[in-house]
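For reference, my_file.cif is printed below; it contains mmCIF, C-alpha atoms and all ligand atoms.
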```cif
data_protein
loop_
_atom_site.label_atom_id
_atom_site.label_comp_id
_atom_site.auth_asym_id
_atom_site.auth_seq_id
_atom_site.Cartn_x
_atom_site.Cartn_y
_atom_site.Cartn_z
CA MET A 1 -8.19 9.87 15.19
CA SER A 2 -5.97 7.49 17.20
CA THR A 3 -2.20 8.02 17.23
CA LEU A 4 -0.18 5.56 15.16
CA LEU A 5 3.32 7.08 15.38
CA LYS A 6 4.58 9.13 18.30
CA LEU A 7 8.11 10.54 18.44
CA GLU A 8 9.25 11.82 21.82
CA ASN A 9 12.46 13.87 21.98
CA VAL A 10 14.20 11.75 19.35
CA THR A 11 17.86 12.62 18.79
CA LYS A 12 20.54 11.10 16.57
CA THR A 13 24.19 12.11 16.69
CA PHE A 14 26.98 11.01 14.37
CA GLY A 15 30.14 11.82 16.35
CA GLY A 16 29.95 15.57 16.93
CA LEU A 17 27.11 16.12 14.41
CA THR A 18 23.51 16.18 15.66
CA ALA A 19 21.55 15.06 12.59
CA VAL A 20 18.19 14.82 14.41
CA ASN A 21 17.73 17.05 17.43
CA ASP A 22 14.99 16.49 20.02
CA MET A 23 12.22 15.79 17.48
CA SER A 24 8.71 15.24 18.81
CA PHE A 25 5.49 14.86 16.82
CA GLU A 26 2.59 12.47 16.38
CA ILE A 27 0.85 11.04 13.34
CA GLY A 28 -2.72 9.80 13.55
CA GLN A 29 -4.05 6.66 11.91
CA GLY A 30 -4.84 7.39 8.24
CA GLU A 31 -2.98 10.73 8.13
CA VAL A 32 -0.70 11.65 5.19
CA VAL A 33 2.04 13.95 6.49
CA GLY A 34 4.83 15.63 4.54
CA LEU A 35 8.31 15.80 6.08
CA LEU A 36 10.11 18.77 4.58
CA GLY A 37 13.41 20.54 5.00
CA PRO A 38 16.45 21.70 3.08
CA ASN A 39 19.15 19.21 2.02
CA GLY A 40 20.96 17.76 5.03
CA SER A 41 18.26 18.78 7.53
CA GLY A 42 17.88 15.22 8.86
CA LYS A 43 14.77 13.89 7.07
CA THR A 44 16.27 10.63 5.81
CA THR A 45 18.01 10.07 9.14
CA LEU A 46 14.63 10.42 10.86
CA LEU A 47 13.09 7.83 8.51
CA ASN A 48 16.09 5.59 9.26
CA LEU A 49 15.39 5.91 12.98
CA ILE A 50 11.67 5.15 12.59
CA SER A 51 12.34 2.10 10.37
CA GLY A 52 15.20 0.84 12.56
CA ALA A 53 17.92 1.18 9.91
CA LEU A 54 19.76 3.31 12.51
CA PRO A 55 19.43 3.30 16.31
CA ALA A 56 18.34 6.57 17.95
CA SER A 57 20.83 8.17 20.36
CA ALA A 58 17.96 9.26 22.63
CA GLY A 59 14.18 9.48 22.75
CA ALA A 60 11.20 7.20 22.23
CA ILE A 61 9.60 6.09 18.95
CA ARG A 62 6.18 4.64 19.65
CA ILE A 63 4.21 2.76 17.04
CA GLY A 64 0.74 1.77 18.15
CA GLY A 65 1.86 2.32 21.76
CA SER A 66 5.07 0.17 21.78
CA ASP A 67 8.42 1.98 22.11
CA LEU A 68 10.47 0.61 19.23
CA ALA A 69 13.50 2.93 19.43
CA GLY A 70 16.65 0.85 18.96
CA LYS A 71 14.74 -2.27 17.83
CA ARG A 72 15.88 -4.21 14.72
CA PRO A 73 14.31 -3.30 11.35
CA ASP A 74 12.54 -6.68 11.14
CA VAL A 75 10.95 -6.15 14.57
CA ILE A 76 9.77 -2.70 13.49
CA ALA A 77 8.48 -4.10 10.18
CA ALA A 78 6.51 -6.68 12.16
CA HIS A 79 4.83 -3.73 13.91
CA GLY A 80 3.59 -2.53 10.52
CA VAL A 81 6.24 -0.13 9.22
CA ALA A 82 7.51 -0.31 5.62
CA ARG A 83 9.55 2.15 3.57
CA THR A 84 10.92 3.03 0.20
CA PHE A 85 14.47 4.33 -0.31
CA GLN A 86 15.78 7.52 -1.92
CA LEU A 87 17.84 5.34 -4.26
CA VAL A 88 15.59 2.55 -5.54
CA LYS A 89 16.45 -0.86 -4.02
CA VAL A 90 15.01 -3.68 -6.14
CA LEU A 91 16.53 -7.13 -6.74
CA PRO A 92 17.53 -6.78 -10.42
CA SER A 93 18.06 -10.48 -11.24
CA LEU A 94 14.68 -11.60 -9.86
CA THR A 95 11.39 -11.24 -11.72
CA ILE A 96 8.93 -8.53 -10.74
CA LEU A 97 6.68 -11.10 -9.09
CA GLU A 98 9.59 -12.66 -7.15
CA ASN A 99 10.68 -9.19 -6.01
CA VAL A 100 7.29 -8.69 -4.37
CA MET A 101 7.03 -12.25 -3.03
CA VAL A 102 10.18 -11.82 -0.91
CA PRO A 103 8.84 -9.11 1.44
CA ALA A 104 5.40 -10.80 1.43
CA ALA A 105 6.99 -14.08 2.60
CA PHE A 106 8.81 -12.31 5.44
CA GLY A 107 6.05 -9.77 6.14
CA ARG A 108 3.47 -9.65 8.89
CA SER A 109 1.41 -12.61 7.64
CA ARG A 110 4.39 -14.85 6.66
CA LEU A 111 2.53 -15.98 3.53
CA TRP A 112 3.60 -19.01 1.50
CA GLY A 113 2.56 -20.95 -1.65
CA ALA A 114 -0.55 -19.84 -3.56
CA ALA A 115 -1.54 -17.28 -0.91
CA LEU A 116 1.89 -15.65 -1.26
CA GLU A 117 1.62 -15.41 -5.05
CA ASP A 118 -1.94 -14.07 -4.85
CA HIS A 119 -0.91 -11.39 -2.37
CA ALA A 120 2.14 -10.40 -4.46
CA ARG A 121 -0.11 -10.11 -7.55
CA ASP A 122 -2.59 -7.94 -5.60
CA CYS A 123 0.28 -5.59 -4.69
CA LEU A 124 1.46 -5.45 -8.32
CA ALA A 125 -2.10 -4.64 -9.39
CA LYS A 126 -2.23 -1.75 -6.89
CA VAL A 127 0.81 -0.12 -8.54
CA GLY A 128 -0.18 -1.00 -12.12
CA LEU A 129 2.52 -3.60 -12.86
CA THR A 130 0.38 -6.70 -13.48
CA ALA A 131 1.43 -7.17 -17.12
CA GLU A 132 5.14 -7.00 -16.25
CA GLU A 133 5.26 -9.73 -13.57
CA THR A 134 7.59 -12.06 -15.52
CA LEU A 135 10.12 -9.36 -16.48
CA HIS A 136 13.34 -8.97 -14.56
CA ALA A 137 13.39 -5.96 -12.25
CA GLY A 138 16.65 -4.75 -13.80
CA ASP A 139 14.89 -4.37 -17.18
CA LEU A 140 12.22 -1.97 -15.91
CA THR A 141 12.10 1.76 -16.64
CA TYR A 142 12.82 4.11 -13.73
CA ILE A 143 9.14 4.84 -12.96
CA ASP A 144 8.34 1.14 -13.08
CA GLN A 145 11.23 0.38 -10.71
CA LYS A 146 9.72 2.97 -8.40
CA ARG A 147 6.31 1.31 -8.72
CA LEU A 148 7.95 -2.03 -7.96
CA GLU A 149 9.65 -0.64 -4.89
CA LEU A 150 6.28 0.64 -3.68
CA ALA A 151 4.70 -2.78 -4.36
CA ARG A 152 7.50 -4.38 -2.28
CA ALA A 153 6.72 -2.02 0.58
CA LEU A 154 2.98 -2.72 0.31
CA ALA A 155 3.65 -6.47 0.25
CA ALA A 156 4.74 -6.27 3.89
CA GLU A 157 1.18 -5.08 4.73
CA PRO A 158 2.24 -1.84 6.46
CA GLU A 159 0.10 0.39 8.62
CA LEU A 160 2.71 3.12 8.36
CA LEU A 161 4.39 3.71 5.01
CA LEU A 162 7.55 5.84 4.89
CA LEU A 163 8.23 7.28 1.43
CA ASP A 164 11.68 8.83 0.92
CA GLU A 165 11.48 11.08 -2.16
CA TRP A 166 9.51 8.42 -3.99
CA LEU A 167 8.41 10.98 -6.60
CA ALA A 168 11.91 12.35 -7.31
CA GLY A 169 13.22 12.00 -10.85
CA LEU A 170 9.83 11.48 -12.53
CA ASN A 171 8.79 13.48 -15.60
CA PRO A 172 5.59 15.58 -15.36
CA THR A 173 3.32 12.82 -16.71
CA GLU A 174 4.89 10.20 -14.42
CA LEU A 175 4.62 12.62 -11.52
CA ARG A 176 0.86 12.95 -12.05
CA GLU A 177 0.60 9.13 -12.16
CA GLY A 178 2.75 8.85 -9.02
CA ILE A 179 0.61 11.34 -7.10
CA ALA A 180 -2.56 9.49 -8.14
CA LEU A 181 -1.01 6.22 -6.99
CA ILE A 182 -0.14 7.56 -3.53
CA ARG A 183 -3.63 9.04 -3.31
CA SER A 184 -5.14 5.65 -4.03
CA LEU A 185 -3.24 4.24 -1.01
CA GLU A 186 -4.64 7.02 1.12
CA GLY A 187 -8.07 5.88 -0.05
CA HIS A 188 -7.28 2.49 1.54
CA GLY A 189 -6.71 4.21 4.90
CA MET A 190 -2.90 3.89 4.91
CA THR A 191 -0.90 6.21 7.16
CA ILE A 192 1.95 7.83 5.21
CA LEU A 193 4.98 9.94 6.16
CA LEU A 194 6.38 11.39 2.98
CA VAL A 195 9.78 13.06 2.53
CA GLU A 196 9.53 15.15 -0.62
CA HIS A 197 11.08 18.20 -2.25
CA ILE A 198 8.41 18.59 -4.95
CA MET A 199 6.05 21.18 -3.48
CA ASP A 200 3.25 20.51 -5.98
CA ALA A 201 3.21 16.92 -4.75
CA ILE A 202 3.24 18.03 -1.12
CA ARG A 203 0.31 20.38 -1.75
CA ALA A 204 -1.61 17.68 -3.61
CA LEU A 205 -1.04 14.90 -1.09
CA CYS A 206 -0.36 16.25 2.39
CA PRO A 207 -2.91 18.24 4.42
CA ARG A 208 -0.20 18.59 7.10
CA CYS A 209 3.58 19.08 7.04
CA VAL A 210 6.40 18.87 9.55
CA VAL A 211 9.47 20.92 8.63
CA MET A 212 13.04 20.28 9.81
CA ALA A 213 16.09 22.53 9.61
CA ALA A 214 19.51 21.48 10.90
CA GLY A 215 17.95 18.47 12.64
CA THR A 216 15.30 20.48 14.53
CA LYS A 217 11.55 20.79 13.99
CA ILE A 218 10.79 24.35 12.93
CA ALA A 219 7.14 23.98 11.87
CA ASP A 220 4.24 21.54 12.09
CA GLY A 221 0.78 22.37 10.82
CA PRO A 222 -1.57 22.71 7.84
CA THR A 223 0.48 22.68 4.63
CA ALA A 224 -0.85 25.99 3.29
CA GLU A 225 0.21 27.74 6.51
CA VAL A 226 3.56 25.98 6.87
CA LEU A 227 4.66 26.83 3.33
CA VAL A 228 4.27 30.58 3.95
CA ASP A 229 5.83 30.48 7.44
CA PRO A 230 8.74 33.00 7.40
CA GLN A 231 10.96 30.60 9.38
CA VAL A 232 10.37 27.86 6.81
CA ILE A 233 11.04 30.22 3.90
CA ALA A 234 14.25 31.41 5.60
CA ALA A 235 15.39 27.80 6.16
CA TYR A 236 14.98 27.02 2.46
CA LEU A 237 16.34 30.27 1.03
CA GLY A 238 18.84 31.19 3.76
CA THR A 239 18.92 34.58 5.42
CA ALA A 240 21.23 37.52 4.89
CA ASP A 241 23.04 36.87 8.18
CA ALA A 242 23.04 33.04 7.91
N1 LIG B 1 25.52 7.52 8.44
C1 LIG B 1 25.91 8.78 8.63
N2 LIG B 1 27.11 9.10 9.19
C2 LIG B 1 27.47 10.38 9.40
N3 LIG B 1 26.71 11.46 9.08
C3 LIG B 1 25.52 11.21 8.50
C4 LIG B 1 25.05 9.88 8.25
N4 LIG B 1 23.81 9.95 7.68
C5 LIG B 1 23.53 11.27 7.58
N5 LIG B 1 24.54 12.01 8.06
C6 LIG B 1 24.56 13.47 8.15
O1 LIG B 1 23.41 13.87 8.86
C7 LIG B 1 22.86 15.07 8.31
C8 LIG B 1 21.43 14.86 7.88
O2 LIG B 1 21.44 14.03 6.73
P1 LIG B 1 20.10 13.46 6.07
O3 LIG B 1 20.49 12.59 4.92
O4 LIG B 1 19.25 12.87 7.12
O5 LIG B 1 19.42 14.81 5.52
P2 LIG B 1 18.18 14.96 4.54
O6 LIG B 1 17.34 16.05 5.13
O7 LIG B 1 17.53 13.65 4.30
O8 LIG B 1 18.89 15.49 3.21
P3 LIG B 1 18.46 15.32 1.65
O9 LIG B 1 17.22 16.15 1.46
O10 LIG B 1 19.64 15.87 0.93
O11 LIG B 1 18.24 13.86 1.42
C9 LIG B 1 23.79 15.49 7.17
O12 LIG B 1 24.73 16.40 7.67
C10 LIG B 1 24.47 14.17 6.80
O13 LIG B 1 25.76 14.39 6.25
#
```

Do you think you could lay out the structure here as structure tokens?
Amino acid sequence: MSTLLKLENVTKTFGGLTAVNDMSFEIGQGEVVGLLGPNGSGKTTLLNLISGALPASAGAIRIGGSDLAGKRPDVIAAHGVARTFQLVKVLPSLTILENVMVPAAFGRSRLWGAALEDHARDCLAKVGLTAEETLHAGDLTYIDQKRLELARALAAEPELLLLDEWLAGLNPTELREGIALIRSLEGHGMTILLVEHIMDAIRALCPRCVVMAAGTKIADGPTAEVLVDPQVIAAYLGTADA
């Protein structure tokens, strides 16, 4: 499996706080990897560094061989990285179709006209929103807004998809649908780095997990092994002398 994402000693400080501390790991093409850790451990900051929303303080972030640390988000997107956000970011006054056309127009293929609409519709079909394309995004239910956000990310034709708690806030039925949807992307060979607190989802989707605590990598390996690692359990539950 060839390496798609390679982090080398990536660090991010905010003043005196080190939010991400010397993180190194690789993700192969087509892998689905969970990024775990207690609240405040640096997961979202790491996604922000990979997607270019924040510049790294140190280290290299290689995507397909190019070091993109410190590059603008649009440059990183052009290298095939797309993401969803912890708090859904759709354009409420635009229709569903228009919401997906925007990232498709500015995505890797710079589509326009009929090709743009066709591609946007394909992305809506992938997330099961075909019938809703003329509705306004602000009128959608929460799960459908999440689907739409995923369709917007897919519209940019990513090779690497970063999902930041995309399954959070769903009821059990929606969660099952959400897991099936992510699995269907995996079937298309997409590489996914998934920040998630729902362990059932992690077990169902991620053969491998990386775990962070206080900005540092404390585990990286097969999910079943990582979830019973005493250091990981201590990071989540705290220890008597912590
Ligand atoms: N823009 C910022 N400025 C200053 N501090 C920040 C900023 N963004 C994050 N932090 C801090 O960095 C640390 C890591 O935060 P981050 O949001 O990355 O954690 P997380 O693991 O994603 O947490 P959660 O699971 O709660 O989303 C926290 O202490 C947070 O307060």

Would you mind reading off the distance between CA of Ser184 in chain A and CA of Glu117 in chain A, one decimal, in Å?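 Here the two named atoms are 22.1 Å from each other.
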
Could you list, as a list in words, all protein and nucleic acid residues with an atom at most 8 Å from ligand LIG 1 (chain B), counting all atoms listed in the file? Phe14, Gly15, Leu17, Thr18, Ala19, Val20, Leu36, Gly37, Pro38, Asn39, Gly40, Ser41, Gly42, Lys43, Thr44, Thr45, Leu46, Gln86, Val195, His197, Met212, Ala213, Ala214 and Gly215 of chain A

Quick check, in Å to one decimal: how far apart do CA of Leu91 in chain A and CA of Thr130 in chain A lie?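 Distance between the two atoms: 17.5 Å.
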
Work out how far apart CA of Glu174 in chain A and CA of Cys206 in chain A are and give it in Å to one decimal.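 A separation of 18.6 Å between them.
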
Can you pull out the residues contacting Ser66 in chain A? Cut-off 10 Å, using all atoms listed in the file, and skip same-chain residues under 2 positions away; I want them as a ChimeraX atom specification. /A:5-6,60-64,68-69,76,79

With distances taken over all atoms listed in the file, which of A:Leu124, A:Ile143, A:Ala53, A:Leu129 is nearest to Thr173 in chain A?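 Going through A:Leu124, A:Ile143, A:Ala53, A:Leu129 one by one, the smallest distance to Thr173 in chain A is for A:Ile143.
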
May I ask which of the residues A:Val32, A:Gly128, A:Glu196, A:Ser2 is the closest one to Arg183 in chain A, counting all atoms listed in the file?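 Of all the options, A:Val32 lies closest to Arg183 in chain A.
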
With all atoms listed in the file as the counted atoms, please give the residues lying no more than 10 Å from Cys209 in chain A, apart from itself and same-chain residues fewer than 4 positions off, as a compact mmCIF listing (two decimals) with C-alpha atoms, in the frame of the given file.
```txt
# COMPACT_ATOMS: atom_id res chain seq x y z
CA VAL A 32 -0.70 11.65 5.19
CA VAL A 33 2.04 13.95 6.49
CA GLY A 34 4.83 15.63 4.54
CA LEU A 35 8.31 15.80 6.08
CA LEU A 36 10.11 18.77 4.58
CA LEU A 193 4.98 9.94 6.16
CA LEU A 194 6.38 11.39 2.98
CA VAL A 195 9.78 13.06 2.53
CA ILE A 202 3.24 18.03 -1.12
CA ARG A 203 0.31 20.38 -1.75
CA ALA A 219 7.14 23.98 11.87
CA ASP A 220 4.24 21.54 12.09
CA GLY A 221 0.78 22.37 10.82
CA PRO A 222 -1.57 22.71 7.84
CA THR A 223 0.48 22.68 4.63
CA ALA A 224 -0.85 25.99 3.29
CA GLU A 225 0.21 27.74 6.51
CA VAL A 226 3.56 25.98 6.87
CA LEU A 227 4.66 26.83 3.33
```

Please export range 189-206 of chain A as a PDB file, in the first residue's frame, restricted to N, CA and C atoms.
```pdb
ATOM      1  N   GLY A 189     -12.602   3.135  -2.384  1.00  0.00           N
ATOM      2  CA  GLY A 189     -11.149   3.281  -2.285  1.00  0.00           C
ATOM      3  C   GLY A 189     -10.689   4.579  -1.647  1.00  0.00           C
ATOM      4  N   MET A 190     -11.608   5.326  -0.996  1.00  0.00           N
ATOM      5  CA  MET A 190     -11.213   6.603  -0.397  1.00  0.00           C
ATOM      6  C   MET A 190     -10.381   6.383   0.867  1.00  0.00           C
ATOM      7  N   THR A 191      -9.412   7.242   1.079  1.00  0.00           N
ATOM      8  CA  THR A 191      -8.601   7.212   2.293  1.00  0.00           C
ATOM      9  C   THR A 191      -9.261   8.157   3.297  1.00  0.00           C
ATOM     10  N   ILE A 192      -9.464   7.661   4.532  1.00  0.00           N
ATOM     11  CA  ILE A 192     -10.238   8.456   5.496  1.00  0.00           C
ATOM     12  C   ILE A 192      -9.513   8.504   6.835  1.00  0.00           C
ATOM     13  N   LEU A 193      -9.402   9.710   7.399  1.00  0.00           N
ATOM     14  CA  LEU A 193      -8.944   9.891   8.781  1.00  0.00           C
ATOM     15  C   LEU A 193     -10.130  10.444   9.547  1.00  0.00           C
ATOM     16  N   LEU A 194     -10.513   9.709  10.591  1.00  0.00           N
ATOM     17  CA  LEU A 194     -11.823   9.915  11.209  1.00  0.00           C
ATOM     18  C   LEU A 194     -11.648  10.214  12.701  1.00  0.00           C
ATOM     19  N   VAL A 195     -11.965  11.439  13.120  1.00  0.00           N
ATOM     20  CA  VAL A 195     -11.987  11.749  14.554  1.00  0.00           C
ATOM     21  C   VAL A 195     -13.359  11.364  15.078  1.00  0.00           C
ATOM     22  N   GLU A 196     -13.401  10.532  16.108  1.00  0.00           N
ATOM     23  CA  GLU A 196     -14.711  10.053  16.568  1.00  0.00           C
ATOM     24  C   GLU A 196     -14.639   9.631  18.030  1.00  0.00           C
ATOM     25  N   HIS A 197     -15.708   9.931  18.764  1.00  0.00           N
ATOM     26  CA  HIS A 197     -15.780   9.479  20.155  1.00  0.00           C
ATOM     27  C   HIS A 197     -16.661   8.236  20.299  1.00  0.00           C
ATOM     28  N   ILE A 198     -17.416   7.901  19.245  1.00  0.00           N
ATOM     29  CA  ILE A 198     -18.351   6.768  19.357  1.00  0.00           C
ATOM     30  C   ILE A 198     -17.586   5.479  19.041  1.00  0.00           C
ATOM     31  N   MET A 199     -17.307   4.706  20.087  1.00  0.00           N
ATOM     32  CA  MET A 199     -16.425   3.541  19.924  1.00  0.00           C
ATOM     33  C   MET A 199     -17.041   2.464  19.025  1.00  0.00           C
ATOM     34  N   ASP A 200     -18.370   2.319  19.049  1.00  0.00           N
ATOM     35  CA  ASP A 200     -18.991   1.331  18.158  1.00  0.00           C
ATOM     36  C   ASP A 200     -18.692   1.680  16.693  1.00  0.00           C
ATOM     37  N   ALA A 201     -18.707   2.984  16.415  1.00  0.00           N
ATOM     38  CA  ALA A 201     -18.421   3.422  15.041  1.00  0.00           C
ATOM     39  C   ALA A 201     -16.959   3.166  14.704  1.00  0.00           C
ATOM     40  N   ILE A 202     -16.093   3.443  15.659  1.00  0.00           N
ATOM     41  CA  ILE A 202     -14.655   3.207  15.435  1.00  0.00           C
ATOM     42  C   ILE A 202     -14.418   1.724  15.157  1.00  0.00           C
ATOM     43  N   ARG A 203     -15.033   0.881  15.987  1.00  0.00           N
ATOM     44  CA  ARG A 203     -14.837  -0.575  15.790  1.00  0.00           C
ATOM     45  C   ARG A 203     -15.366  -1.010  14.429  1.00  0.00           C
ATOM     46  N   ALA A 204     -16.510  -0.439  14.030  1.00  0.00           N
ATOM     47  CA  ALA A 204     -17.141  -0.862  12.774  1.00  0.00           C
ATOM     48  C   ALA A 204     -16.365  -0.374  11.546  1.00  0.00           C
ATOM     49  N   LEU A 205     -15.710   0.775  11.672  1.00  0.00           N
ATOM     50  CA  LEU A 205     -15.159   1.412  10.476  1.00  0.00           C
ATOM     51  C   LEU A 205     -13.639   1.368  10.350  1.00  0.00           C
ATOM     52  N   CYS A 206     -12.948   1.336  11.489  1.00  0.00           N
ATOM     53  CA  CYS A 206     -11.498   1.593  11.449  1.00  0.00           C
ATOM     54  C   CYS A 206     -10.702   0.360  11.863  1.00  0.00           C
TER      55      CYS A 206
END
```
